[in-house]
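*Asks:* If you scroll down you'll find the structure; I have some questions about it.
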Amino acid sequence: MRLPLGELGKHGHDTDCLPAKSDIGADGADIVVGQLIGGHEFPEVIHRWWRDLYRHSKLVYELDDDPFEIESHNPVAAAYNKPVSRDSIQHCIEIASLVTASTEPLAEQMRKINPNVVVIKNRIDEFVLDIDRPRRDNVVIGWAGGGSHARDIEVCAHGLRKALDQNPGVEAHFIGADFRAAVRRPIRFTAWCATTTDYYKLIDFDIGLAPLVPSVFARSKSYIKALEYAALGIPVVASDVEPYRDFVIDGVTGFLVRRDHEWSLRIRDLIHDEAMRAEMGAKAKAVAADYTIQKGWPDWESAYRSIL
């Protein structure tokens, strides 16, 4: 939310980013954008606040995941799958003037609730392209993500374990959620940090992993992990699923894995070919350069103007 609103502010619009239930709208906001409004926390309070805003402002409901298809193993599933939570989210989507979604599959799902849906793809700040990521003496295989990715890590765990066993000088680094136990090998771990900028500067990977189990929920996700790797010049080894299939150029900016045994093969190929890592990373960075908020902010402006 901060990234697009901040960029719109640089181009003449009066923007602010505040917590939900803040006293906004009555001060003359033309548009209020809510990110995943509704859910399990005080749904009646949220409903009343969101409906009150409707009297003063146009409402935009923004989301990057499908809240109605959260898998049971996800830590937030129990809360979001309650009938009261689902009803709350659906109601808030229904009364919005516009819904913005980060992918077309997600937009398809939301059009069942609100017909006015626009796809606005995820982007990064161009400063990420200029980060000189930390380099270590050994090749580093890395993954970064949250606590909902336990099953995804299991997809590549055997391949990563095999690659580490066959290449004792290679390191692994996980950032965010601690899934080291799934791999059962020594892995350096870094917890989340306070700011996105600091997080990017922690990524010292030479090879980035992006495993994802196919599902209805996963189909609606975006390529953001692969985009972040690409912006830092890191070739990715990713599951051949819709979010990454639409972004990763197989064999050019990284590899798409279709069968389990390919994880170790593709990781091994990149470990042993420094020139290929460098070439794929450079081509990935060139692709990422087209996905900056500095180039894409008019998408938000156009969508918001459409409801005024």
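In the structure tokens, the first chain shown is A, the next is B, and so on; residue numbers restart at 1 for each chain, and ligands run from 1 in the order shown.
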Identify, with DSSP run on backbone atoms, the residues in region 70-170 of chain A assigned to strand (DSSP E), and express the list as a ChimeraX atom specification.
*Replies:* /A:98-101,117-119,140-145
*Asks:* Env of region 295-307 of chain A: 10 Å cut, atoms = only C-alpha atoms, seq-sep filter 2 positions within chain, self excluded. Answer as a tab-separated table (two decimals) with N, CA and C atoms, in the first residue's frame.
*Replies:*
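Once written, selection-v8.tsv looks like this:
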chain	number	residue	atom	x	y	z
A	3	LEU	N	3.85	1.70	-1.22
A	3	LEU	CA	4.61	1.90	-2.46
A	3	LEU	C	3.80	2.64	-3.52
A	4	PRO	N	2.62	2.15	-3.93
A	4	PRO	CA	1.86	2.90	-4.95
A	4	PRO	C	1.34	4.24	-4.46
A	5	LEU	N	0.88	4.30	-3.22
A	5	LEU	CA	0.36	5.58	-2.72
A	5	LEU	C	1.48	6.60	-2.60
A	6	GLY	N	2.64	6.15	-2.17
A	6	GLY	CA	3.78	7.07	-2.09
A	6	GLY	C	4.18	7.60	-3.45
A	7	GLU	N	4.15	6.74	-4.46
A	7	GLU	CA	4.52	7.17	-5.80
A	7	GLU	C	3.47	8.11	-6.38
A	8	LEU	N	2.19	7.84	-6.12
A	8	LEU	CA	1.14	8.76	-6.57
A	8	LEU	C	1.33	10.14	-5.92
A	11	HIS	N	3.48	12.46	-7.74
A	11	HIS	CA	2.98	12.92	-9.03
A	11	HIS	C	1.72	13.78	-8.86
A	13	HIS	N	-0.71	13.89	-6.40
A	13	HIS	CA	-1.89	13.46	-5.65
A	13	HIS	C	-1.63	13.57	-4.15
A	30	ASP	N	-11.20	11.68	-1.55
A	30	ASP	CA	-12.03	11.26	-2.68
A	30	ASP	C	-12.14	9.75	-2.73
A	31	ILE	N	-11.04	9.08	-2.41
A	31	ILE	CA	-10.97	7.62	-2.49
A	31	ILE	C	-10.30	7.08	-1.23
A	32	VAL	N	-10.87	6.01	-0.70
A	32	VAL	CA	-10.23	5.28	0.39
A	32	VAL	C	-9.95	3.86	-0.10
A	33	VAL	N	-8.70	3.45	-0.04
A	33	VAL	CA	-8.30	2.11	-0.48
A	33	VAL	C	-8.09	1.25	0.77
A	58	LYS	N	-15.29	7.30	-2.39
A	58	LYS	CA	-15.32	6.07	-3.17
A	58	LYS	C	-14.42	5.05	-2.48
A	59	LEU	N	-14.84	3.79	-2.48
A	59	LEU	CA	-14.09	2.74	-1.78
A	59	LEU	C	-13.44	1.80	-2.79
A	60	VAL	N	-12.16	1.51	-2.56
A	60	VAL	CA	-11.43	0.53	-3.36
A	60	VAL	C	-10.98	-0.59	-2.43
A	97	SER	N	-16.58	0.36	-4.58
A	97	SER	CA	-16.77	0.89	-5.94
A	97	SER	C	-15.86	0.17	-6.94
A	98	LEU	N	-14.73	-0.33	-6.43
A	98	LEU	CA	-13.74	-0.98	-7.29
A	98	LEU	C	-12.96	-1.98	-6.46
A	99	VAL	N	-12.60	-3.09	-7.09
A	99	VAL	CA	-11.69	-4.07	-6.48
A	99	VAL	C	-10.44	-4.11	-7.34
A	100	THR	N	-9.28	-4.02	-6.70
A	100	THR	CA	-8.01	-4.17	-7.42
A	100	THR	C	-7.34	-5.46	-6.98
A	116	ASN	N	-16.83	-5.08	-10.77
A	116	ASN	CA	-15.87	-4.04	-11.16
A	116	ASN	C	-14.50	-4.34	-10.55
A	117	VAL	N	-13.72	-5.15	-11.26
A	117	VAL	CA	-12.40	-5.57	-10.79
A	117	VAL	C	-11.36	-5.20	-11.84
A	118	VAL	N	-10.24	-4.63	-11.39
A	118	VAL	CA	-9.13	-4.26	-12.26
A	118	VAL	C	-7.88	-4.97	-11.77
A	119	VAL	N	-7.10	-5.51	-12.70
A	119	VAL	CA	-5.83	-6.14	-12.36
A	119	VAL	C	-4.73	-5.09	-12.39
A	120	ILE	N	-4.04	-4.94	-11.26
A	120	ILE	CA	-2.87	-4.06	-11.18
A	120	ILE	C	-1.71	-4.92	-10.65
A	121	LYS	N	-0.74	-5.17	-11.49
A	121	LYS	CA	0.32	-6.11	-11.15
A	121	LYS	C	1.25	-5.57	-10.07
A	122	ASN	N	1.79	-6.49	-9.27
A	122	ASN	CA	2.74	-6.11	-8.24
A	122	ASN	C	4.02	-5.55	-8.85
A	123	ARG	N	4.57	-4.56	-8.17
A	123	ARG	CA	5.79	-3.92	-8.63
A	123	ARG	C	6.74	-3.68	-7.45
A	124	ILE	N	7.95	-3.27	-7.77
A	124	ILE	CA	8.97	-2.98	-6.76
A	124	ILE	C	9.46	-1.56	-6.96
A	125	ASP	N	10.12	-1.03	-5.95
A	125	ASP	CA	10.77	0.26	-6.08
A	125	ASP	C	12.07	0.08	-6.86
A	126	GLU	N	12.37	1.02	-7.74
A	126	GLU	CA	13.54	0.89	-8.60
A	126	GLU	C	14.85	0.87	-7.80
A	289	ALA	N	13.50	-4.70	-14.35
A	289	ALA	CA	13.53	-3.25	-14.57
A	289	ALA	C	12.23	-2.73	-15.18
A	290	ASP	N	11.47	-3.61	-15.81
A	290	ASP	CA	10.17	-3.20	-16.37
A	290	ASP	C	9.04	-3.29	-15.36
A	291	TYR	N	9.35	-3.72	-14.14
A	291	TYR	CA	8.32	-3.95	-13.12
A	291	TYR	C	8.48	-3.00	-11.94
A	292	THR	N	8.95	-1.79	-12.18
A	292	THR	CA	9.12	-0.84	-11.08
A	292	THR	C	7.86	0.01	-10.91
A	293	ILE	N	7.66	0.50	-9.70
A	293	ILE	CA	6.53	1.38	-9.43
A	293	ILE	C	6.72	2.71	-10.17
*Asks:* For region 233-249 of chain A, list every protein, DNA or RNA residue within 8 Å, evaluated using only C-alpha atoms, and leave out those in the same chain fewer than 4 positions away; present the list as a PyMOL selection string.
*Replies:* chain A and resi 205-214+218-223+226-227+229+253-258+263+266-267+277-278+280-285
*Asks:* Any idea what's packed within 8 Å of Ser88 (chain A), counting only C-alpha atoms, ignoring anything in its chain fewer than 5 positions away? Could you give it as a PyMOL selection string?
*Replies:* chain A and resi 38-40+43-44+47
*Asks:* Using DSSP on the backbone, list every residue of region 33-274 of chain A that comes out as alpha helix (DSSP H), and give them as a tab-separated table (two decimals) with N, CA and C atoms, in the first residue's frame.
*Replies:*
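Generated output (result-v6.tsv):
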chain	number	residue	atom	x	y	z
A	43	PRO	N	-15.47	-7.84	13.26
A	43	PRO	CA	-16.10	-7.63	11.96
A	43	PRO	C	-17.19	-6.57	11.98
A	44	GLU	N	-17.97	-6.47	13.06
A	44	GLU	CA	-19.04	-5.48	13.10
A	44	GLU	C	-18.47	-4.06	13.12
A	45	VAL	N	-17.36	-3.87	13.82
A	45	VAL	CA	-16.72	-2.55	13.86
A	45	VAL	C	-16.18	-2.19	12.48
A	46	ILE	N	-15.55	-3.16	11.83
A	46	ILE	CA	-15.01	-2.93	10.49
A	46	ILE	C	-16.13	-2.60	9.51
A	47	HIS	N	-17.23	-3.36	9.58
A	47	HIS	CA	-18.36	-3.10	8.68
A	47	HIS	C	-18.86	-1.67	8.84
A	48	ARG	N	-19.06	-1.28	10.08
A	48	ARG	CA	-19.61	0.05	10.35
A	48	ARG	C	-18.65	1.13	9.85
A	49	TRP	N	-17.36	0.95	10.10
A	49	TRP	CA	-16.35	1.91	9.64
A	49	TRP	C	-16.33	1.99	8.11
A	50	TRP	N	-16.31	0.84	7.44
A	50	TRP	CA	-16.25	0.79	5.98
A	50	TRP	C	-17.51	1.39	5.36
A	51	ARG	N	-18.68	1.08	5.94
A	51	ARG	CA	-19.94	1.64	5.42
A	51	ARG	C	-20.01	3.14	5.65
A	52	ASP	N	-19.50	3.61	6.79
A	52	ASP	CA	-19.49	5.05	7.05
A	52	ASP	C	-18.63	5.79	6.02
A	53	LEU	N	-17.53	5.18	5.64
A	53	LEU	CA	-16.67	5.80	4.63
A	53	LEU	C	-17.39	5.94	3.30
A	54	TYR	N	-18.31	5.03	3.04
A	54	TYR	CA	-19.04	5.03	1.77
A	54	TYR	C	-19.84	6.32	1.59
A	77	ALA	N	-5.62	-19.96	8.65
A	77	ALA	CA	-6.80	-20.59	8.05
A	77	ALA	C	-7.97	-20.66	9.02
A	78	ALA	N	-7.71	-21.06	10.25
A	78	ALA	CA	-8.80	-21.24	11.22
A	78	ALA	C	-9.57	-19.94	11.43
A	79	ALA	N	-8.87	-18.82	11.45
A	79	ALA	CA	-9.53	-17.54	11.66
A	79	ALA	C	-10.28	-17.08	10.42
A	80	TYR	N	-9.64	-17.19	9.27
A	80	TYR	CA	-10.25	-16.67	8.04
A	80	TYR	C	-11.34	-17.57	7.47
A	83	PRO	N	-17.25	-18.72	9.23
A	83	PRO	CA	-18.33	-18.09	8.46
A	83	PRO	C	-18.42	-16.58	8.69
A	84	VAL	N	-18.24	-16.13	9.94
A	84	VAL	CA	-18.35	-14.70	10.21
A	84	VAL	C	-17.23	-13.92	9.53
A	85	SER	N	-16.04	-14.52	9.42
A	85	SER	CA	-14.92	-13.87	8.75
A	85	SER	C	-15.18	-13.77	7.25
A	86	ARG	N	-15.62	-14.86	6.67
A	86	ARG	CA	-15.88	-14.88	5.23
A	86	ARG	C	-17.00	-13.92	4.86
A	87	ASP	N	-18.05	-13.89	5.67
A	87	ASP	CA	-19.16	-12.96	5.42
A	87	ASP	C	-18.69	-11.52	5.51
A	88	SER	N	-17.83	-11.25	6.49
A	88	SER	CA	-17.31	-9.90	6.68
A	88	SER	C	-16.53	-9.43	5.46
A	89	ILE	N	-15.62	-10.27	4.99
A	89	ILE	CA	-14.80	-9.92	3.83
A	89	ILE	C	-15.67	-9.75	2.59
A	90	GLN	N	-16.60	-10.67	2.41
A	90	GLN	CA	-17.46	-10.60	1.22
A	90	GLN	C	-18.29	-9.31	1.21
A	91	HIS	N	-18.83	-8.96	2.37
A	91	HIS	CA	-19.64	-7.74	2.46
A	91	HIS	C	-18.81	-6.51	2.10
A	92	CYS	N	-17.60	-6.45	2.60
A	92	CYS	CA	-16.75	-5.29	2.33
A	92	CYS	C	-16.36	-5.22	0.85
A	93	ILE	N	-16.18	-6.37	0.22
A	93	ILE	CA	-15.89	-6.40	-1.22
A	93	ILE	C	-17.11	-5.95	-2.01
A	94	GLU	N	-18.29	-6.41	-1.60
A	94	GLU	CA	-19.52	-6.12	-2.34
A	94	GLU	C	-19.81	-4.63	-2.43
A	104	GLU	N	-4.75	-11.93	-12.72
A	104	GLU	CA	-6.02	-12.21	-13.40
A	104	GLU	C	-6.79	-13.37	-12.76
A	105	PRO	N	-6.14	-14.47	-12.35
A	105	PRO	CA	-6.89	-15.53	-11.66
A	105	PRO	C	-7.57	-15.03	-10.39
A	106	LEU	N	-6.90	-14.16	-9.64
A	106	LEU	CA	-7.51	-13.59	-8.44
A	106	LEU	C	-8.68	-12.68	-8.83
A	107	ALA	N	-8.50	-11.92	-9.89
A	107	ALA	CA	-9.58	-11.05	-10.37
A	107	ALA	C	-10.80	-11.88	-10.78
A	108	GLU	N	-10.57	-13.01	-11.41
A	108	GLU	CA	-11.67	-13.90	-11.81
A	108	GLU	C	-12.50	-14.30	-10.60
A	109	GLN	N	-11.82	-14.65	-9.52
A	109	GLN	CA	-12.51	-15.06	-8.31
A	109	GLN	C	-13.31	-13.91	-7.71
A	110	MET	N	-12.74	-12.72	-7.71
A	110	MET	CA	-13.40	-11.57	-7.08
A	110	MET	C	-14.58	-11.07	-7.91
A	150	ALA	N	4.96	-23.87	4.63
A	150	ALA	CA	5.53	-25.14	5.10
A	150	ALA	C	5.46	-26.22	4.02
A	151	ARG	N	4.30	-26.38	3.40
A	151	ARG	CA	4.16	-27.40	2.36
A	151	ARG	C	4.99	-27.07	1.13
A	152	ASP	N	5.15	-25.80	0.85
A	152	ASP	CA	5.95	-25.40	-0.31
A	152	ASP	C	7.42	-25.78	-0.11
A	153	ILE	N	7.93	-25.55	1.08
A	153	ILE	CA	9.32	-25.90	1.38
A	153	ILE	C	9.53	-27.41	1.24
A	154	GLU	N	8.53	-28.18	1.63
A	154	GLU	CA	8.64	-29.64	1.50
A	154	GLU	C	8.82	-30.07	0.06
A	155	VAL	N	8.28	-29.29	-0.88
A	155	VAL	CA	8.40	-29.61	-2.30
A	155	VAL	C	9.86	-29.65	-2.75
A	156	CYS	N	10.65	-28.71	-2.27
A	156	CYS	CA	12.04	-28.63	-2.72
A	156	CYS	C	13.03	-29.14	-1.68
A	157	ALA	N	12.56	-29.59	-0.51
A	157	ALA	CA	13.46	-29.97	0.58
A	157	ALA	C	14.41	-31.09	0.19
A	158	HIS	N	13.89	-32.12	-0.46
A	158	HIS	CA	14.75	-33.25	-0.83
A	158	HIS	C	15.81	-32.80	-1.83
A	159	GLY	N	15.41	-32.01	-2.82
A	159	GLY	CA	16.37	-31.54	-3.81
A	159	GLY	C	17.43	-30.65	-3.21
A	160	LEU	N	17.04	-29.77	-2.30
A	160	LEU	CA	17.99	-28.90	-1.63
A	160	LEU	C	18.94	-29.72	-0.76
A	161	ARG	N	18.38	-30.67	-0.03
A	161	ARG	CA	19.21	-31.53	0.83
A	161	ARG	C	20.25	-32.29	0.00
A	162	LYS	N	19.81	-32.83	-1.14
A	162	LYS	CA	20.72	-33.57	-2.01
A	162	LYS	C	21.81	-32.66	-2.56
A	163	ALA	N	21.44	-31.45	-2.96
A	163	ALA	CA	22.43	-30.51	-3.49
A	163	ALA	C	23.46	-30.13	-2.43
A	164	LEU	N	23.01	-29.92	-1.20
A	164	LEU	CA	23.93	-29.58	-0.11
A	164	LEU	C	24.86	-30.75	0.21
A	165	ASP	N	24.32	-31.97	0.19
A	165	ASP	CA	25.14	-33.15	0.48
A	165	ASP	C	26.21	-33.36	-0.58
A	166	GLN	N	25.87	-33.09	-1.83
A	166	GLN	CA	26.81	-33.33	-2.92
A	166	GLN	C	27.80	-32.18	-3.11
A	180	ARG	N	13.96	-24.66	8.71
A	180	ARG	CA	15.20	-25.44	8.61
A	180	ARG	C	14.97	-26.92	8.92
A	181	ALA	N	14.04	-27.20	9.81
A	181	ALA	CA	13.80	-28.59	10.20
A	181	ALA	C	13.31	-29.43	9.04
A	182	ALA	N	12.65	-28.81	8.07
A	182	ALA	CA	12.13	-29.55	6.92
A	182	ALA	C	13.26	-30.07	6.03
A	183	VAL	N	14.40	-29.40	6.04
A	183	VAL	CA	15.52	-29.80	5.18
A	183	VAL	C	16.48	-30.72	5.92
A	196	THR	N	11.23	-3.09	4.78
A	196	THR	CA	11.45	-3.78	3.52
A	196	THR	C	12.85	-3.52	2.99
A	197	THR	N	13.32	-2.29	3.14
A	197	THR	CA	14.66	-1.94	2.67
A	197	THR	C	15.72	-2.79	3.35
A	198	ASP	N	15.61	-2.94	4.67
A	198	ASP	CA	16.57	-3.77	5.41
A	198	ASP	C	16.48	-5.23	4.99
A	199	TYR	N	15.25	-5.68	4.70
A	199	TYR	CA	15.06	-7.07	4.27
A	199	TYR	C	15.81	-7.32	2.95
A	200	TYR	N	15.65	-6.43	1.99
A	200	TYR	CA	16.32	-6.62	0.70
A	200	TYR	C	17.84	-6.71	0.88
A	201	LYS	N	18.36	-5.95	1.80
A	201	LYS	CA	19.81	-5.93	2.00
A	201	LYS	C	20.33	-7.18	2.70
A	202	LEU	N	19.43	-8.00	3.22
A	202	LEU	CA	19.83	-9.27	3.84
A	202	LEU	C	20.01	-10.38	2.81
A	216	VAL	N	-5.83	-23.93	-5.77
A	216	VAL	CA	-6.65	-22.79	-6.15
A	216	VAL	C	-6.09	-21.52	-5.53
A	217	PHE	N	-5.67	-21.62	-4.26
A	217	PHE	CA	-5.09	-20.47	-3.58
A	217	PHE	C	-3.79	-20.03	-4.25
A	218	ALA	N	-2.92	-20.99	-4.56
A	218	ALA	CA	-1.63	-20.67	-5.18
A	218	ALA	C	-1.81	-20.07	-6.57
A	219	ARG	N	-2.83	-20.51	-7.29
A	219	ARG	CA	-3.05	-20.01	-8.65
A	219	ARG	C	-3.28	-18.49	-8.66
A	224	ILE	N	5.79	-12.23	-7.02
A	224	ILE	CA	6.59	-11.23	-6.31
A	224	ILE	C	7.92	-11.77	-5.79
A	225	LYS	N	7.95	-13.03	-5.33
A	225	LYS	CA	9.22	-13.57	-4.82
A	225	LYS	C	10.26	-13.64	-5.94
A	226	ALA	N	9.85	-14.15	-7.10
A	226	ALA	CA	10.77	-14.23	-8.23
A	226	ALA	C	11.18	-12.84	-8.71
A	227	LEU	N	10.27	-11.88	-8.64
A	227	LEU	CA	10.60	-10.51	-9.04
A	227	LEU	C	11.65	-9.91	-8.12
A	228	GLU	N	11.52	-10.14	-6.84
A	228	GLU	CA	12.51	-9.61	-5.89
A	228	GLU	C	13.89	-10.22	-6.15
A	229	TYR	N	13.93	-11.54	-6.35
A	229	TYR	CA	15.21	-12.17	-6.69
A	229	TYR	C	15.78	-11.56	-7.96
A	230	ALA	N	14.92	-11.43	-8.99
A	230	ALA	CA	15.37	-10.92	-10.28
A	230	ALA	C	15.96	-9.52	-10.15
A	231	ALA	N	15.30	-8.67	-9.37
A	231	ALA	CA	15.77	-7.30	-9.21
A	231	ALA	C	17.17	-7.25	-8.61
A	242	GLU	N	1.35	-21.32	-12.20
A	242	GLU	CA	0.90	-20.13	-12.91
A	242	GLU	C	1.59	-18.83	-12.49
A	243	PRO	N	1.74	-18.54	-11.21
A	243	PRO	CA	2.36	-17.26	-10.85
A	243	PRO	C	3.77	-17.09	-11.43
A	244	TYR	N	4.59	-18.14	-11.37
A	244	TYR	CA	5.97	-18.03	-11.84
A	244	TYR	C	6.07	-18.28	-13.34
A	245	ARG	N	5.17	-19.07	-13.88
A	245	ARG	CA	5.17	-19.35	-15.32
A	245	ARG	C	4.96	-18.07	-16.12
A	262	GLU	N	13.93	-32.64	-10.52
A	262	GLU	CA	14.58	-31.52	-11.19
A	262	GLU	C	15.10	-30.47	-10.23
A	263	TRP	N	14.59	-30.46	-8.99
A	263	TRP	CA	15.08	-29.46	-8.04
A	263	TRP	C	16.59	-29.60	-7.83
A	264	SER	N	17.04	-30.82	-7.53
A	264	SER	CA	18.47	-31.01	-7.29
A	264	SER	C	19.27	-30.80	-8.57
A	265	LEU	N	18.73	-31.20	-9.71
A	265	LEU	CA	19.46	-31.04	-10.98
A	265	LEU	C	19.66	-29.58	-11.32
A	266	ARG	N	18.60	-28.79	-11.21
A	266	ARG	CA	18.71	-27.38	-11.57
A	266	ARG	C	19.57	-26.61	-10.58
A	267	ILE	N	19.43	-26.93	-9.31
A	267	ILE	CA	20.29	-26.29	-8.31
A	267	ILE	C	21.76	-26.64	-8.59
A	268	ARG	N	22.00	-27.92	-8.88
A	268	ARG	CA	23.38	-28.36	-9.17
A	268	ARG	C	23.93	-27.65	-10.39
A	269	ASP	N	23.12	-27.52	-11.45
A	269	ASP	CA	23.59	-26.84	-12.66
A	269	ASP	C	24.06	-25.42	-12.33
A	270	LEU	N	23.29	-24.72	-11.52
A	270	LEU	CA	23.64	-23.34	-11.18
A	270	LEU	C	24.84	-23.27	-10.24
A	271	ILE	N	24.96	-24.24	-9.33
A	271	ILE	CA	26.11	-24.26	-8.42
A	271	ILE	C	27.41	-24.35	-9.21
A	272	HIS	N	27.42	-25.19	-10.23
A	272	HIS	CA	28.68	-25.50	-10.93
A	272	HIS	C	28.96	-24.59	-12.12
A	274	GLU	N	29.22	-20.74	-12.75
A	274	GLU	CA	29.18	-19.35	-12.31
A	274	GLU	C	28.78	-18.42	-13.43
*Asks:* Under the rule that only C-alpha atoms are counted, which of A:Thr103, A:Ser215, A:Thr195, A:Gln294 is the nearest residue to Glu69 (chain A)?
*Replies:*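 That would be A:Ser215, the residue with the smallest distance to Glu69 (chain A).
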*Asks:* Would you mind reading off the distance between CA of Ala144 (chain A) and CA of Gly169 (chain A), one decimal, in Å?
*Replies:*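 These two atoms are separated by 21.1 Å.
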*Asks:* Please, what distance in Å, to one decimal, runs between CA of Ala286 (chain A) and CA of Val139 (chain A)?
*Replies:*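 Interatomic distance here is 22.3 Å.
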*Asks:* Could you tell me how far CA of Ile187 (chain A) sits from CA of Pro168 (chain A), in Å to one decimal place?
*Replies:* 12.2 Å
*Asks:* Nearest to Phe189 (chain A): which of A:Ile70, A:Ala288, A:Ile24, A:Ala177 is it, counting only C-alpha atoms?
*Replies:*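 Of the candidates, the smallest distance to Phe189 (chain A) is held by A:Ala177.
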*Asks:* Which residue, A:Arg184, A:Lys82, A:Pro115, A:Pro75, has the smallest gap to His149 (chain A) when you use only C-alpha atoms?
*Replies:*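 Among the listed residues, A:Pro75 lies closest to His149 (chain A).
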